[in-house]
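Below: work31.pdb (PDB, N, CA and C atoms)
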```
ATOM      1  N   MET N  98      91.156  -5.779  43.647
ATOM      2  CA  MET N  98      90.413  -5.413  44.825
ATOM      3  C   MET N  98      90.629  -3.926  45.093
ATOM      4  N   GLU N  99      89.529  -3.221  45.256
ATOM      5  CA  GLU N  99      89.611  -1.788  45.493
ATOM      6  C   GLU N  99      89.804  -1.526  46.971
ATOM      7  N   GLU N 100      90.774  -0.743  47.316
ATOM      8  CA  GLU N 100      91.045  -0.453  48.711
ATOM      9  C   GLU N 100      90.613   0.976  49.003
ATOM     10  N   THR N 101      89.779   1.137  50.027
ATOM     11  CA  THR N 101      89.287   2.453  50.413
ATOM     12  C   THR N 101      89.964   2.850  51.712
ATOM     13  N   SER N 102      90.502   4.030  51.769
ATOM     14  CA  SER N 102      91.122   4.464  53.012
ATOM     15  C   SER N 102      90.055   4.792  54.031
ATOM     16  N   THR N 103      90.387   4.677  55.306
ATOM     17  CA  THR N 103      89.414   4.898  56.369
ATOM     18  C   THR N 103      88.965   6.348  56.426
ATOM     19  N   ALA N 104      89.781   7.275  55.946
ATOM     20  CA  ALA N 104      89.442   8.690  56.026
ATOM     21  C   ALA N 104      88.372   9.067  54.999
ATOM     22  N   THR N 105      88.250   8.326  53.897
ATOM     23  CA  THR N 105      87.294   8.697  52.872
ATOM     24  C   THR N 105      85.916   8.055  53.083
ATOM     25  N   ARG N 106      85.837   7.048  53.928
ATOM     26  CA  ARG N 106      84.524   6.437  54.187
ATOM     27  C   ARG N 106      83.743   7.306  55.169
ATOM     28  N   LEU N 107      82.462   7.533  54.861
ATOM     29  CA  LEU N 107      81.626   8.377  55.711
ATOM     30  C   LEU N 107      80.458   7.567  56.269
ATOM     31  N   CYS N 108      80.063   7.914  57.459
ATOM     32  CA  CYS N 108      78.922   7.275  58.123
ATOM     33  C   CYS N 108      77.655   7.562  57.316
ATOM     34  N   LEU N 109      76.835   6.528  57.098
ATOM     35  CA  LEU N 109      75.611   6.712  56.322
ATOM     36  C   LEU N 109      74.574   7.564  57.044
ATOM     37  N   ASP N 110      74.672   7.666  58.369
ATOM     38  CA  ASP N 110      73.683   8.436  59.129
ATOM     39  C   ASP N 110      74.121   9.880  59.342
ATOM     40  N   CYS N 111      75.262  10.063  59.971
ATOM     41  CA  CYS N 111      75.663  11.429  60.334
ATOM     42  C   CYS N 111      76.628  12.065  59.333
ATOM     43  N   GLY N 112      77.281  11.266  58.488
ATOM     44  CA  GLY N 112      78.204  11.808  57.495
ATOM     45  C   GLY N 112      79.599  12.038  58.006
ATOM     46  N   ASN N 113      79.870  11.731  59.258
ATOM     47  CA  ASN N 113      81.225  11.869  59.804
ATOM     48  C   ASN N 113      82.115  10.760  59.260
ATOM     49  N   PRO N 114      83.423  11.010  59.181
ATOM     50  CA  PRO N 114      84.327   9.967  58.689
ATOM     51  C   PRO N 114      84.384   8.785  59.656
ATOM     52  N   ILE N 115      84.486   7.579  59.092
ATOM     53  CA  ILE N 115      84.607   6.368  59.901
ATOM     54  C   ILE N 115      86.087   6.165  60.159
ATOM     55  N   ARG N 116      86.471   6.073  61.420
ATOM     56  CA  ARG N 116      87.886   6.082  61.793
ATOM     57  C   ARG N 116      88.529   4.697  61.739
ATOM     58  N   ALA N 117      87.941   3.731  62.395
ATOM     59  CA  ALA N 117      88.599   2.421  62.458
ATOM     60  C   ALA N 117      87.544   1.333  62.375
ATOM     61  N   GLY N 118      87.988   0.129  62.052
ATOM     62  CA  GLY N 118      87.066  -0.994  62.006
ATOM     63  C   GLY N 118      87.203  -1.769  60.721
ATOM     64  N   ARG N 119      86.201  -2.557  60.443
ATOM     65  CA  ARG N 119      86.229  -3.382  59.238
ATOM     66  C   ARG N 119      86.222  -2.524  57.978
ATOM     67  N   LYS N 120      86.632  -3.140  56.882
ATOM     68  CA  LYS N 120      86.682  -2.406  55.621
ATOM     69  C   LYS N 120      85.275  -2.049  55.118
ATOM     70  N   ASP N 121      84.300  -2.884  55.454
ATOM     71  CA  ASP N 121      82.938  -2.638  54.972
ATOM     72  C   ASP N 121      82.058  -1.945  56.014
ATOM     73  N   LYS N 122      82.669  -1.355  57.021
ATOM     74  CA  LYS N 122      81.929  -0.654  58.070
ATOM     75  C   LYS N 122      81.191   0.547  57.470
ATOM     76  N   LYS N 123      79.907   0.706  57.831
ATOM     77  CA  LYS N 123      79.084   1.761  57.234
ATOM     78  C   LYS N 123      78.727   2.880  58.206
ATOM     79  N   PHE N 124      78.871   2.626  59.504
ATOM     80  CA  PHE N 124      78.453   3.598  60.515
ATOM     81  C   PHE N 124      79.590   3.835  61.494
ATOM     82  N   CYS N 125      79.624   5.048  62.058
ATOM     83  CA  CYS N 125      80.706   5.376  62.979
ATOM     84  C   CYS N 125      80.477   4.781  64.369
ATOM     85  N   ASP N 126      79.210   4.569  64.783
ATOM     86  CA  ASP N 126      78.936   3.941  66.082
ATOM     87  C   ASP N 126      77.552   3.284  66.074
ATOM     88  N   ASP N 127      77.224   2.638  67.194
ATOM     89  CA  ASP N 127      75.954   1.921  67.290
ATOM     90  C   ASP N 127      74.746   2.857  67.229
ATOM     91  N   MET N 128      74.891   4.046  67.787
ATOM     92  CA  MET N 128      73.778   4.991  67.783
ATOM     93  C   MET N 128      73.418   5.406  66.347
ATOM     94  N   CYS N 129      74.403   5.647  65.530
ATOM     95  CA  CYS N 129      74.152   6.010  64.123
ATOM     96  C   CYS N 129      73.524   4.834  63.373
ATOM     97  N   ARG N 130      74.002   3.614  63.619
ATOM     98  CA  ARG N 130      73.448   2.437  62.953
ATOM     99  C   ARG N 130      71.979   2.254  63.326
ATOM    100  N   THR N 131      71.678   2.382  64.620
ATOM    101  CA  THR N 131      70.300   2.239  65.079
ATOM    102  C   THR N 131      69.413   3.332  64.506
ATOM    103  N   ASN N 132      69.883   4.570  64.536
ATOM    104  CA  ASN N 132      69.112   5.690  64.010
ATOM    105  C   ASN N 132      68.828   5.517  62.518
ATOM    106  N   TYR N 133      69.841   5.092  61.777
ATOM    107  CA  TYR N 133      69.683   4.890  60.332
ATOM    108  C   TYR N 133      68.640   3.810  60.046
ATOM    109  N   ASN N 134      68.735   2.690  60.745
ATOM    110  CA  ASN N 134      67.802   1.583  60.517
ATOM    111  C   ASN N 134      66.382   1.906  60.977
ATOM    112  N   ASN N 135      66.248   2.698  62.025
ATOM    113  CA  ASN N 135      64.901   3.098  62.481
ATOM    114  C   ASN N 135      64.233   4.033  61.483
ATOM    115  N   ASN N 136      65.014   4.884  60.839
ATOM    116  CA  ASN N 136      64.451   5.852  59.896
ATOM    117  C   ASN N 136      64.367   5.325  58.475
ATOM    118  N   LYS N 137      64.980   4.190  58.231
ATOM    119  CA  LYS N 137      64.968   3.606  56.887
ATOM    120  C   LYS N 137      63.543   3.180  56.534
ATOM    121  N   GLY N 138      63.089   3.539  55.382
ATOM    122  CA  GLY N 138      61.751   3.155  54.941
ATOM    123  C   GLY N 138      60.659   4.127  55.345
ATOM    124  N   THR N 139      60.978   5.124  56.127
ATOM    125  CA  THR N 139      59.983   6.123  56.486
ATOM    126  C   THR N 139      60.276   7.390  55.698
ATOM    127  N   SER N 140      59.806   7.397  54.490
ATOM    128  CA  SER N 140      60.006   8.564  53.641
ATOM    129  C   SER N 140      58.937   9.589  53.970
ATOM    130  N   SER N 141      59.346  10.767  54.327
ATOM    131  CA  SER N 141      58.385  11.802  54.685
ATOM    132  C   SER N 141      57.730  12.415  53.453
ATOM    133  N   GLU N 142      58.362  12.263  52.302
ATOM    134  CA  GLU N 142      57.813  12.828  51.082
ATOM    135  C   GLU N 142      57.244  11.717  50.203
ATOM    136  N   LEU N 143      55.922  11.625  50.125
ATOM    137  CA  LEU N 143      55.260  10.670  49.240
ATOM    138  C   LEU N 143      54.842  11.385  47.973
ATOM    139  N   SER N 144      54.870  10.658  46.888
ATOM    140  CA  SER N 144      54.358  11.255  45.660
ATOM    141  C   SER N 144      52.838  11.378  45.808
ATOM    142  N   LEU N 145      52.240  12.206  45.000
ATOM    143  CA  LEU N 145      50.802  12.434  45.091
ATOM    144  C   LEU N 145      50.021  11.151  44.880
ATOM    145  N   THR N 146      50.425  10.337  43.904
ATOM    146  CA  THR N 146      49.699   9.093  43.645
ATOM    147  C   THR N 146      49.850   8.110  44.804
ATOM    148  N   ASP N 147      51.043   8.029  45.407
ATOM    149  CA  ASP N 147      51.241   7.145  46.556
ATOM    150  C   ASP N 147      50.419   7.619  47.752
ATOM    151  N   TYR N 148      50.371   8.935  47.945
ATOM    152  CA  TYR N 148      49.590   9.520  49.033
ATOM    153  C   TYR N 148      48.107   9.198  48.863
ATOM    154  N   ILE N 149      47.599   9.332  47.650
ATOM    155  CA  ILE N 149      46.187   9.042  47.370
ATOM    156  C   ILE N 149      45.903   7.551  47.574
ATOM    157  N   LYS N 150      46.817   6.689  47.121
ATOM    158  CA  LYS N 150      46.639   5.246  47.306
ATOM    159  C   LYS N 150      46.594   4.883  48.789
ATOM    160  N   LYS N 151      47.458   5.520  49.571
ATOM    161  CA  LYS N 151      47.498   5.252  51.009
ATOM    162  C   LYS N 151      46.178   5.649  51.666
ATOM    163  N   ILE N 152      45.674   6.824  51.326
ATOM    164  CA  ILE N 152      44.399   7.291  51.881
ATOM    165  C   ILE N 152      43.264   6.391  51.423
ATOM    166  N   GLN N 153      43.259   5.992  50.170
ATOM    167  CA  GLN N 153      42.218   5.120  49.627
ATOM    168  C   GLN N 153      42.185   3.781  50.366
ATOM    169  N   THR N 154      43.343   3.231  50.641
ATOM    170  CA  THR N 154      43.430   1.965  51.373
ATOM    171  C   THR N 154      42.854   2.103  52.774
ATOM    172  N   ILE N 155      43.182   3.188  53.446
ATOM    173  CA  ILE N 155      42.659   3.430  54.796
ATOM    174  C   ILE N 155      41.142   3.570  54.756
ATOM    175  N   LEU N 156      40.625   4.318  53.786
ATOM    176  CA  LEU N 156      39.182   4.503  53.660
ATOM    177  C   LEU N 156      38.458   3.186  53.368
ATOM    178  N   GLU N 157      39.043   2.351  52.517
ATOM    179  CA  GLU N 157      38.429   1.063  52.205
ATOM    180  C   GLU N 157      38.347   0.182  53.446
ATOM    181  N   LYS N 158      39.398   0.178  54.261
ATOM    182  CA  LYS N 158      39.384  -0.602  55.504
ATOM    183  C   LYS N 158      38.303  -0.082  56.450
ATOM    184  N   ASN N 159      38.204   1.247  56.568
ATOM    185  CA  ASN N 159      37.188   1.843  57.439
ATOM    186  C   ASN N 159      35.776   1.507  56.966
ATOM    187  N   ARG N 160      35.555   1.573  55.657
ATOM    188  CA  ARG N 160      34.222   1.234  55.115
ATOM    189  C   ARG N 160      33.860  -0.208  55.419
ATOM    190  N   LYS N 161      34.826  -1.104  55.279
ATOM    191  CA  LYS N 161      34.570  -2.516  55.558
ATOM    192  C   LYS N 161      34.203  -2.725  57.030
ATOM    193  N   ILE N 162      34.920  -2.068  57.924
ATOM    194  CA  ILE N 162      34.629  -2.169  59.356
ATOM    195  C   ILE N 162      33.231  -1.641  59.650
ATOM    196  N   LEU N 163      32.883  -0.490  59.083
ATOM    197  CA  LEU N 163      31.558   0.082  59.298
ATOM    198  C   LEU N 163      30.456  -0.808  58.739
ATOM    199  N   ASP N 164      30.681  -1.368  57.558
ATOM    200  CA  ASP N 164      29.693  -2.276  56.972
ATOM    201  C   ASP N 164      29.465  -3.485  57.867
ATOM    202  N   ASP N 165      30.542  -4.049  58.412
ATOM    203  CA  ASP N 165      30.412  -5.194  59.308
ATOM    204  C   ASP N 165      29.610  -4.824  60.557
ATOM    205  N   CYS N 166      29.920  -3.668  61.145
ATOM    206  CA  CYS N 166      29.207  -3.229  62.356
ATOM    207  C   CYS N 166      27.735  -2.969  62.066
ATOM    208  N   LEU N 167      27.461  -2.295  60.961
ATOM    209  CA  LEU N 167      26.077  -1.972  60.628
ATOM    210  C   LEU N 167      25.270  -3.216  60.299
ATOM    211  N   SER N 168      25.878  -4.173  59.607
ATOM    212  CA  SER N 168      25.143  -5.389  59.273
ATOM    213  C   SER N 168      24.806  -6.176  60.530
ATOM    214  N   LYS N 169      25.712  -6.184  61.519
ATOM    215  CA  LYS N 169      25.424  -6.862  62.789
ATOM    216  C   LYS N 169      24.297  -6.153  63.540
ATOM    217  N   ALA N 170      24.281  -4.827  63.510
ATOM    218  CA  ALA N 170      23.236  -4.075  64.187
ATOM    219  C   ALA N 170      21.881  -4.318  63.528
ATOM    220  N   VAL N 171      21.855  -4.378  62.213
ATOM    221  CA  VAL N 171      20.602  -4.638  61.488
ATOM    222  C   VAL N 171      20.096  -6.038  61.813
ATOM    223  N   GLU N 172      21.002  -7.022  61.883
ATOM    224  CA  GLU N 172      20.612  -8.386  62.232
ATOM    225  C   GLU N 172      20.006  -8.438  63.629
ATOM    226  N   MET N 173      20.607  -7.710  64.581
ATOM    227  CA  MET N 173      20.082  -7.697  65.952
ATOM    228  C   MET N 173      18.695  -7.059  65.990
ATOM    229  N   GLU N 174      18.486  -5.994  65.209
ATOM    230  CA  GLU N 174      17.167  -5.353  65.159
ATOM    231  C   GLU N 174      16.130  -6.300  64.584
ATOM    232  N   LYS N 175      16.491  -7.058  63.567
ATOM    233  CA  LYS N 175      15.566  -8.012  62.971
ATOM    234  C   LYS N 175      15.192  -9.096  63.971
ATOM    235  N   ILE N 176      16.170  -9.572  64.738
ATOM    236  CA  ILE N 176      15.901 -10.601  65.743
ATOM    237  C   ILE N 176      14.985 -10.049  66.820
ATOM    238  N   GLU N 177      15.246  -8.834  67.285
ATOM    239  CA  GLU N 177      14.398  -8.209  68.315
ATOM    240  C   GLU N 177      12.984  -7.982  67.791
ATOM    241  N   ALA N 178      12.863  -7.636  66.517
ATOM    242  CA  ALA N 178      11.542  -7.365  65.940
ATOM    243  C   ALA N 178      10.726  -8.647  65.823
ATOM    244  N   ARG N 179      11.355  -9.798  65.666
ATOM    245  CA  ARG N 179      10.640 -11.066  65.541
ATOM    246  C   ARG N 179      10.095 -11.574  66.860
ATOM    247  N   LYS N 180      10.655 -11.138  67.970
ATOM    248  CA  LYS N 180      10.204 -11.613  69.281
ATOM    249  C   LYS N 180       8.819 -11.051  69.578
ATOM    250  N   PRO N 181       8.001 -11.835  70.284
ATOM    251  CA  PRO N 181       6.700 -11.309  70.707
ATOM    252  C   PRO N 181       6.896 -10.101  71.621
ATOM    253  N   THR N 182       5.906  -9.229  71.665
ATOM    254  CA  THR N 182       6.050  -7.980  72.415
ATOM    255  C   THR N 182       6.228  -8.198  73.908
ATOM    256  N   GLY N 183       5.681  -9.246  74.471
ATOM    257  CA  GLY N 183       5.808  -9.491  75.907
ATOM    258  C   GLY N 183       7.155 -10.072  76.291
ATOM    259  N   GLU N 184       7.903 -10.571  75.348
ATOM    260  CA  GLU N 184       9.176 -11.217  75.631
ATOM    261  C   GLU N 184      10.287 -10.170  75.636
ATOM    262  N   LYS N 185      11.141 -10.184  76.663
ATOM    263  CA  LYS N 185      12.245  -9.234  76.757
ATOM    264  C   LYS N 185      13.552  -9.936  76.441
ATOM    265  N   SER N 186      14.472  -9.195  75.918
ATOM    266  CA  SER N 186      15.792  -9.767  75.661
ATOM    267  C   SER N 186      16.525  -9.930  76.984
ATOM    268  N   LYS N 187      17.541 -10.754  76.995
ATOM    269  CA  LYS N 187      18.335 -11.000  78.191
ATOM    270  C   LYS N 187      18.955  -9.696  78.693
ATOM    271  N   GLU N 188      19.413  -8.862  77.772
ATOM    272  CA  GLU N 188      20.029  -7.595  78.136
ATOM    273  C   GLU N 188      19.024  -6.662  78.802
ATOM    274  N   GLN N 189      17.818  -6.597  78.271
ATOM    275  CA  GLN N 189      16.787  -5.754  78.858
ATOM    276  C   GLN N 189      16.427  -6.242  80.257
ATOM    277  N   SER N 190      16.369  -7.549  80.451
ATOM    278  CA  SER N 190      16.054  -8.109  81.763
ATOM    279  C   SER N 190      17.140  -7.765  82.771
ATOM    280  N   GLN N 191      18.390  -7.856  82.353
ATOM    281  CA  GLN N 191      19.497  -7.524  83.239
ATOM    282  C   GLN N 191      19.467  -6.045  83.608
ATOM    283  N   ASN N 192      19.181  -5.187  82.643
ATOM    284  CA  ASN N 192      19.091  -3.752  82.922
ATOM    285  C   ASN N 192      17.979  -3.468  83.927
ATOM    286  N   HIS N 193      16.843  -4.119  83.748
ATOM    287  CA  HIS N 193      15.712  -3.920  84.654
ATOM    288  C   HIS N 193      16.073  -4.387  86.063
ATOM    289  N   ALA N 194      16.758  -5.525  86.169
ATOM    290  CA  ALA N 194      17.135  -6.059  87.477
ATOM    291  C   ALA N 194      18.136  -5.139  88.167
ATOM    292  N   SER N 195      19.105  -4.605  87.421
ATOM    293  CA  SER N 195      20.099  -3.724  88.034
ATOM    294  C   SER N 195      19.456  -2.413  88.486
ATOM    295  N   LYS N 196      18.494  -1.884  87.724
ATOM    296  CA  LYS N 196      17.803  -0.662  88.134
ATOM    297  C   LYS N 196      16.984  -0.895  89.394
ATOM    298  N   ALA N 197      16.372  -2.073  89.497
ATOM    299  CA  ALA N 197      15.584  -2.402  90.687
ATOM    300  C   ALA N 197      16.480  -2.463  91.916
ATOM    301  N   MET N 198      17.679  -3.031  91.767
ATOM    302  CA  MET N 198      18.622  -3.104  92.888
ATOM    303  C   MET N 198      19.086  -1.711  93.298
ATOM    304  N   GLU N 199      19.342  -0.835  92.318
ATOM    305  CA  GLU N 199      19.740   0.534  92.629
ATOM    306  C   GLU N 199      18.643   1.248  93.408
ATOM    307  N   ASN N 200      17.392   1.104  92.971
ATOM    308  CA  ASN N 200      16.268   1.741  93.659
ATOM    309  C   ASN N 200      16.141   1.223  95.086
ATOM    310  N   LYS N 201      16.351  -0.082  95.271
ATOM    311  CA  LYS N 201      16.233  -0.664  96.611
ATOM    312  C   LYS N 201      17.307  -0.104  97.525
ATOM    313  N   THR N 202      18.558  -0.001  97.029
ATOM    314  CA  THR N 202      19.633   0.529  97.867
ATOM    315  C   THR N 202      19.403   2.004  98.174
ATOM    316  N   LEU N 203      18.859   2.761  97.242
ATOM    317  CA  LEU N 203      18.546   4.171  97.508
ATOM    318  C   LEU N 203      17.460   4.288  98.559
ATOM    319  N   ASN N 204      16.437   3.454  98.457
ATOM    320  CA  ASN N 204      15.366   3.476  99.466
ATOM    321  C   ASN N 204      15.900   3.079 100.829
ATOM    322  N   ASP N 205      16.774   2.084 100.895
ATOM    323  CA  ASP N 205      17.377   1.658 102.173
ATOM    324  C   ASP N 205      18.205   2.786 102.777
ATOM    325  N   GLN N 206      18.921   3.526 101.937
ATOM    326  CA  GLN N 206      19.730   4.641 102.420
ATOM    327  C   GLN N 206      18.840   5.758 102.952
ATOM    328  N   ASN N 207      17.746   6.027 102.247
ATOM    329  CA  ASN N 207      16.827   7.084 102.694
ATOM    330  C   ASN N 207      16.160   6.723 104.016
ATOM    331  N   ILE N 208      15.843   5.477 104.202
ATOM    332  CA  ILE N 208      15.199   5.031 105.450
ATOM    333  C   ILE N 208      16.154   5.136 106.611
ATOM    334  N   SER N 209      17.425   4.790 106.391
ATOM    335  CA  SER N 209      18.410   4.807 107.485
ATOM    336  C   SER N 209      18.812   6.224 107.874
ATOM    337  N   MET N 210      18.515   7.204 107.048
ATOM    338  CA  MET N 210      18.888   8.598 107.357
ATOM    339  C   MET N 210      17.976   9.130 108.376
TER     340      MET N 210
END
```

Let me see the file written as structure tokens.
Amino acid sequence: MEETSTATRLCLDCGNPIRAGRKDKKFCDDMCRTNYNNNKGTSSELSLTDYIKKIQTILEKNRKILDDCLSKAVEMEKIEARKPTGEKSKEQSQNHASKAMENKTLNDQNISM
């Protein structure tokens, strides 16, 4: 069994010597342990190929989202185009009703002035 003295063990985060504790202790305190674990896996330096793969993945996700949105918009246009010209969509009717209410309240305000 290899015995390591406490003076030669160094904290994995700050590099200070670990003074007391278990033989397999890796950090000098809780703050260093938390900091080390929070930063673990976040490499600031990516290789060029990894960087390109990451960007490519993001772009593919964005394209898929845009395709889904555009296909839904095209479907809605096709549905609206099939309706007879005199028929209004529910949304158009609601917009017309809300505009009529706004005009009525404006006229009521003008009369009361």

Can you tell me which residues surround Phe124 of chain N at a distance of at most 6 Å, considering all atoms listed in the file, apart from same-chain residues fewer than 6 positions away, and format the answer as a list in words?
Cys108, Leu109, Asp110, Ile115 and Arg130 of chain N

One decimal, Å: what's the distance from atom CA of Asp147 of chain N over to atom CA of Asn132 of chain N, could you say?
25.0 Å

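Atom pair atom C of Tyr148 of chain N / atom C of Arg160 of chain N has a distance of 18.3 Å (rounded to one decimal).
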
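Picture a line from atom CA of Arg106 of chain N to atom C of Gly138 of chain N; it runs 24.0 Å.
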